[in-house]
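Heads up: the structure comes next, in structure tokens.
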Amino acid sequence: MSNERKAVHKGIVSASMMCSRLVELQETIKIFENEHIDYLHIDVMDGSFVPNFGLGCDYMRGLRELTDIPLDMHLMISRPEQKLQWMDIRKNDVVSIHYESTPQLQKAIDILKNYECKRFIAINPATPIFVLEEVLEHIDGINLLMVNPGFAGQNAVPSTIHKVKKLRKFLDDSNKKNIIIEVDGNITNERAKMLKEYGAGMFVAGSSSLFRGNIKNYSDNIKTFIQALN
Ligand code: DX5
Ligand code: ZN
């Protein structure tokens, strides 16, 4: 089933790799392949746009050698339009550019069109939905940050829960029912179920769900998360 149709019916699961343990990477990827994880969520952080350094180009190149699971690149970097060519972006990937990360958002989106990947715009909790108005026809999805980006293990900003419902209405009223809403940050099993009802279609599974316990728990954690979405 194509990811677009799956997003409407079942929900797409994107495993947050910053929550995984590097020493267990190969074993973790095998579990994800067996459990049919849809994407590997890569939090690319430059220490400037967010106060943290994160998974970079070498890490993504290494993942490509390990698996064919497509990447869901969450670019928490300043001026992404100058750096996209470093990322080895492929056709089946999702790439999220932060609205707040560049004054040249349209240019960044136009450059991204060259890669034929899915183009998402990420917005922080304090960024209002209407800023997306002029780019809706150029994007496939929106990554709605439920936390201030840069770190796993945070609590969701309360206002973001209702923001998902507002965003779905904004998109549907703009005749953009095909634009997927990804939710990212503190997505527990219970919250995933609720946000799917509010119109989210893609879910970042991090320390709040998939990576609870240790690697022996991952398979069951994934099954429980997917059950919450059905
Ligand atoms: C936060 C990252 C999220 C995070 C999700 O900046 O974008 O992807 O890893 O993990 P939890 O579930 O711990 O919030
Ligand atoms: Zn993320």
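Each chain in the structure tokens gets a letter, A, B, ..., in the order shown, and its residues are numbered from 1; ligands are numbered from 1 in order too.
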(request) Give me the residues within 7 Å of Ser14 (chain A) as a list of chain:residue names, counting only C-alpha atoms and dropping any in the same chain fewer than 3 places off. (result) A:Ile37, A:Asp38, A:Tyr39, A:Leu40, A:His41, A:Phe203, A:Val204, A:Ala205
(request) Quick one: everything within 10 Å of region 98-110 of chain A, counting only C-alpha atoms, minus sequence neighbours fewer than 6 positions away in the same chain. Send it as an NGL selection string. (result) :A and (48-50 or 74-84 or 119-124 or 127 or 131-132 or 134-135 or 138-139 or 142-145)
For the residues selected in the previous step, produce a file with N, CA and C atoms as a compact mmCIF listing (two decimals), in the first residue's frame.
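Final file, part-v6.txt:
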```txt
# COMPACT_ATOMS: atom_id res chain seq x y z
N SER A 48 23.27 24.90 15.91
CA SER A 48 22.97 26.32 15.70
C SER A 48 21.45 26.53 15.71
N PHE A 49 20.74 25.79 14.84
CA PHE A 49 19.27 25.91 14.82
C PHE A 49 18.67 25.32 16.10
N VAL A 50 19.31 24.29 16.63
CA VAL A 50 18.91 23.70 17.93
C VAL A 50 20.17 23.54 18.78
N HIS A 74 14.69 14.81 9.47
CA HIS A 74 14.17 15.99 10.16
C HIS A 74 15.33 16.96 10.29
N LEU A 75 15.38 17.95 9.38
CA LEU A 75 16.55 18.83 9.30
C LEU A 75 16.41 19.98 10.29
N MET A 76 17.04 19.82 11.43
CA MET A 76 17.07 20.90 12.44
C MET A 76 18.40 21.65 12.25
N ILE A 77 18.52 22.27 11.07
CA ILE A 77 19.77 22.94 10.68
C ILE A 77 19.43 24.31 10.12
N SER A 78 20.35 25.28 10.30
CA SER A 78 20.15 26.62 9.73
C SER A 78 20.46 26.59 8.24
N ARG A 79 19.74 27.40 7.49
CA ARG A 79 19.94 27.57 6.05
C ARG A 79 20.05 26.25 5.29
N PRO A 80 19.06 25.38 5.41
CA PRO A 80 19.11 24.05 4.78
C PRO A 80 19.31 24.13 3.26
N GLU A 81 18.85 25.20 2.61
CA GLU A 81 18.99 25.29 1.14
C GLU A 81 20.45 25.23 0.69
N GLN A 82 21.36 25.56 1.63
CA GLN A 82 22.80 25.53 1.27
C GLN A 82 23.41 24.15 1.54
N LYS A 83 22.62 23.24 2.14
CA LYS A 83 23.23 21.99 2.64
C LYS A 83 22.53 20.73 2.13
N LEU A 84 21.46 20.88 1.40
CA LEU A 84 20.69 19.69 0.96
C LEU A 84 21.55 18.73 0.14
N ARG A 119 8.31 16.17 0.28
CA ARG A 119 8.73 17.46 0.86
C ARG A 119 7.80 17.85 2.01
N PHE A 120 8.37 17.93 3.21
CA PHE A 120 7.60 18.34 4.39
C PHE A 120 8.16 19.65 4.93
N ILE A 121 7.28 20.45 5.57
CA ILE A 121 7.74 21.62 6.33
C ILE A 121 7.51 21.30 7.80
N ALA A 122 8.53 21.51 8.63
CA ALA A 122 8.40 21.31 10.08
C ALA A 122 8.14 22.66 10.73
N ILE A 123 7.22 22.65 11.73
CA ILE A 123 6.98 23.91 12.47
C ILE A 123 7.06 23.63 13.97
N ASN A 124 7.70 24.57 14.68
CA ASN A 124 7.86 24.46 16.13
C ASN A 124 6.55 24.75 16.85
N THR A 127 5.12 28.26 16.48
CA THR A 127 4.91 28.79 15.12
C THR A 127 3.46 28.57 14.70
N VAL A 131 1.43 30.35 8.74
CA VAL A 131 2.68 30.63 8.00
C VAL A 131 2.86 29.68 6.82
N LEU A 132 2.08 28.59 6.83
CA LEU A 132 2.21 27.57 5.76
C LEU A 132 1.42 27.94 4.51
N GLU A 134 1.33 29.96 2.03
CA GLU A 134 1.85 30.21 0.67
C GLU A 134 2.63 29.01 0.09
N VAL A 135 2.86 27.97 0.88
CA VAL A 135 3.68 26.85 0.35
C VAL A 135 2.89 25.55 0.23
N HIS A 138 3.24 23.29 -2.72
CA HIS A 138 4.58 22.77 -3.04
C HIS A 138 5.03 21.64 -2.12
N ILE A 139 4.15 21.23 -1.16
CA ILE A 139 4.61 20.26 -0.16
C ILE A 139 3.69 19.05 -0.08
N ILE A 142 3.43 18.01 6.61
CA ILE A 142 3.89 18.96 7.63
C ILE A 142 4.32 18.15 8.85
N ASN A 143 5.53 18.42 9.36
CA ASN A 143 5.98 17.79 10.59
C ASN A 143 5.68 18.76 11.73
N LEU A 144 4.67 18.42 12.52
CA LEU A 144 4.24 19.31 13.61
C LEU A 144 4.99 18.91 14.88
N LEU A 145 5.91 19.76 15.30
CA LEU A 145 6.71 19.45 16.50
C LEU A 145 5.85 19.64 17.74
```
(message) Please compute the CA of Ala15 (chain A)-CA of Asp140 (chain A) distance, one decimal, in Å.
(response)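 These atoms are spaced 19.5 Å apart.
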Compile a residue-level contact table for chain A against ligand 2 at a cut-off of 7 Å, reporting for every qualifying residue the shortest atom pair and its distance in Å to one decimal, with only C-alpha atoms and all ligand atoms counted, rows ordered by chain and ascending number, as CSV.
```
residue,atom,partner,partner_atom_place_in_ligand_line,distance
A:Ser16,CA,ligand 2,1 (Zn),6.8
A:His41,CA,ligand 2,1 (Zn),6.4
A:Ile42,CA,ligand 2,1 (Zn),6.7
A:Asp43,CA,ligand 2,1 (Zn),4.9
A:His74,CA,ligand 2,1 (Zn),5.2
A:Asp184,CA,ligand 2,1 (Zn),5.6
A:Gly185,CA,ligand 2,1 (Zn),6.8
```
(request) Please provide as a list in words all residues within 7 Å of region 206-216 of chain A, with the sequence filter that same-chain residues fewer than 4 positions apart are discarded (counting only C-alpha atoms). (result)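 The residues satisfying every condition are Ala15, Ser16, Cys19, Ser20, Ala152, Gly153, Asn186, Ile187, Thr188, Asn189, Asn221, Ile222 and Phe225 of chain A.
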I need the residues from that last selection saved to file as a PDB file, in the first residue's frame (with N, CA, C and O atoms), if you can.
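Generated file (selection-v7.pdb):
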```pdb
ATOM      1  N   ALA A  15      10.612   5.543  13.066  1.00  0.00           N
ATOM      2  CA  ALA A  15      11.362   5.266  14.302  1.00  0.00           C
ATOM      3  C   ALA A  15      12.450   6.314  14.506  1.00  0.00           C
ATOM      4  O   ALA A  15      13.292   6.528  13.629  1.00  0.00           O
ATOM      5  N   SER A  16      12.443   6.976  15.676  1.00  0.00           N
ATOM      6  CA  SER A  16      13.384   8.071  15.953  1.00  0.00           C
ATOM      7  C   SER A  16      14.761   7.527  16.331  1.00  0.00           C
ATOM      8  O   SER A  16      15.006   7.135  17.464  1.00  0.00           O
ATOM      9  N   CYS A  19      17.058   7.962  19.412  1.00  0.00           N
ATOM     10  CA  CYS A  19      16.744   7.250  20.665  1.00  0.00           C
ATOM     11  C   CYS A  19      17.351   5.855  20.691  1.00  0.00           C
ATOM     12  O   CYS A  19      17.276   5.168  21.714  1.00  0.00           O
ATOM     13  N   SER A  20      17.929   5.418  19.549  1.00  0.00           N
ATOM     14  CA  SER A  20      18.495   4.052  19.512  1.00  0.00           C
ATOM     15  C   SER A  20      19.928   4.075  20.054  1.00  0.00           C
ATOM     16  O   SER A  20      20.535   5.135  20.185  1.00  0.00           O
ATOM     17  N   ALA A 152      15.360  14.257  22.765  1.00  0.00           N
ATOM     18  CA  ALA A 152      14.337  13.242  23.016  1.00  0.00           C
ATOM     19  C   ALA A 152      13.976  13.296  24.493  1.00  0.00           C
ATOM     20  O   ALA A 152      14.636  13.978  25.287  1.00  0.00           O
ATOM     21  N   GLY A 153      12.888  12.620  24.861  1.00  0.00           N
ATOM     22  CA  GLY A 153      12.535  12.487  26.270  1.00  0.00           C
ATOM     23  C   GLY A 153      11.864  13.691  26.893  1.00  0.00           C
ATOM     24  O   GLY A 153      11.747  13.795  28.109  1.00  0.00           O
ATOM     25  N   ASN A 186       7.442  13.129  22.001  1.00  0.00           N
ATOM     26  CA  ASN A 186       6.611  12.644  23.133  1.00  0.00           C
ATOM     27  C   ASN A 186       5.321  11.987  22.662  1.00  0.00           C
ATOM     28  O   ASN A 186       4.238  12.203  23.246  1.00  0.00           O
ATOM     29  N   ILE A 187       5.414  11.199  21.579  1.00  0.00           N
ATOM     30  CA  ILE A 187       4.231  10.502  21.043  1.00  0.00           C
ATOM     31  C   ILE A 187       4.103   9.153  21.766  1.00  0.00           C
ATOM     32  O   ILE A 187       4.690   8.150  21.382  1.00  0.00           O
ATOM     33  N   THR A 188       3.302   9.159  22.819  1.00  0.00           N
ATOM     34  CA  THR A 188       3.024   7.900  23.539  1.00  0.00           C
ATOM     35  C   THR A 188       1.997   7.094  22.750  1.00  0.00           C
ATOM     36  O   THR A 188       1.389   7.620  21.801  1.00  0.00           O
ATOM     37  N   ASN A 189       1.759   5.846  23.158  1.00  0.00           N
ATOM     38  CA  ASN A 189       0.759   5.028  22.460  1.00  0.00           C
ATOM     39  C   ASN A 189      -0.615   5.698  22.520  1.00  0.00           C
ATOM     40  O   ASN A 189      -1.326   5.792  21.511  1.00  0.00           O
ATOM     41  N   ASN A 221       7.005  -3.420  21.656  1.00  0.00           N
ATOM     42  CA  ASN A 221       6.676  -1.980  21.705  1.00  0.00           C
ATOM     43  C   ASN A 221       6.130  -1.508  20.352  1.00  0.00           C
ATOM     44  O   ASN A 221       5.162  -0.743  20.289  1.00  0.00           O
ATOM     45  N   ILE A 222       6.732  -2.006  19.279  1.00  0.00           N
ATOM     46  CA  ILE A 222       6.265  -1.609  17.934  1.00  0.00           C
ATOM     47  C   ILE A 222       4.858  -2.148  17.686  1.00  0.00           C
ATOM     48  O   ILE A 222       3.962  -1.417  17.235  1.00  0.00           O
ATOM     49  N   PHE A 225       2.406  -0.095  19.586  1.00  0.00           N
ATOM     50  CA  PHE A 225       2.233   1.238  18.992  1.00  0.00           C
ATOM     51  C   PHE A 225       1.327   1.155  17.756  1.00  0.00           C
ATOM     52  O   PHE A 225       0.401   1.949  17.578  1.00  0.00           O
TER      53      PHE A 225
END
```
(request) Figure out the distance between CA of Met87 (chain A) and CA of Ile69 (chain A), please, to one decimal in Å. (result)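 A separation of 15.8 Å between them.
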(request) Write out as a count of residues only the residues lying within 9 Å of Lys118 (chain A), counting only C-alpha atoms and excluding same-chain residues fewer than 5 positions away. (result) 11
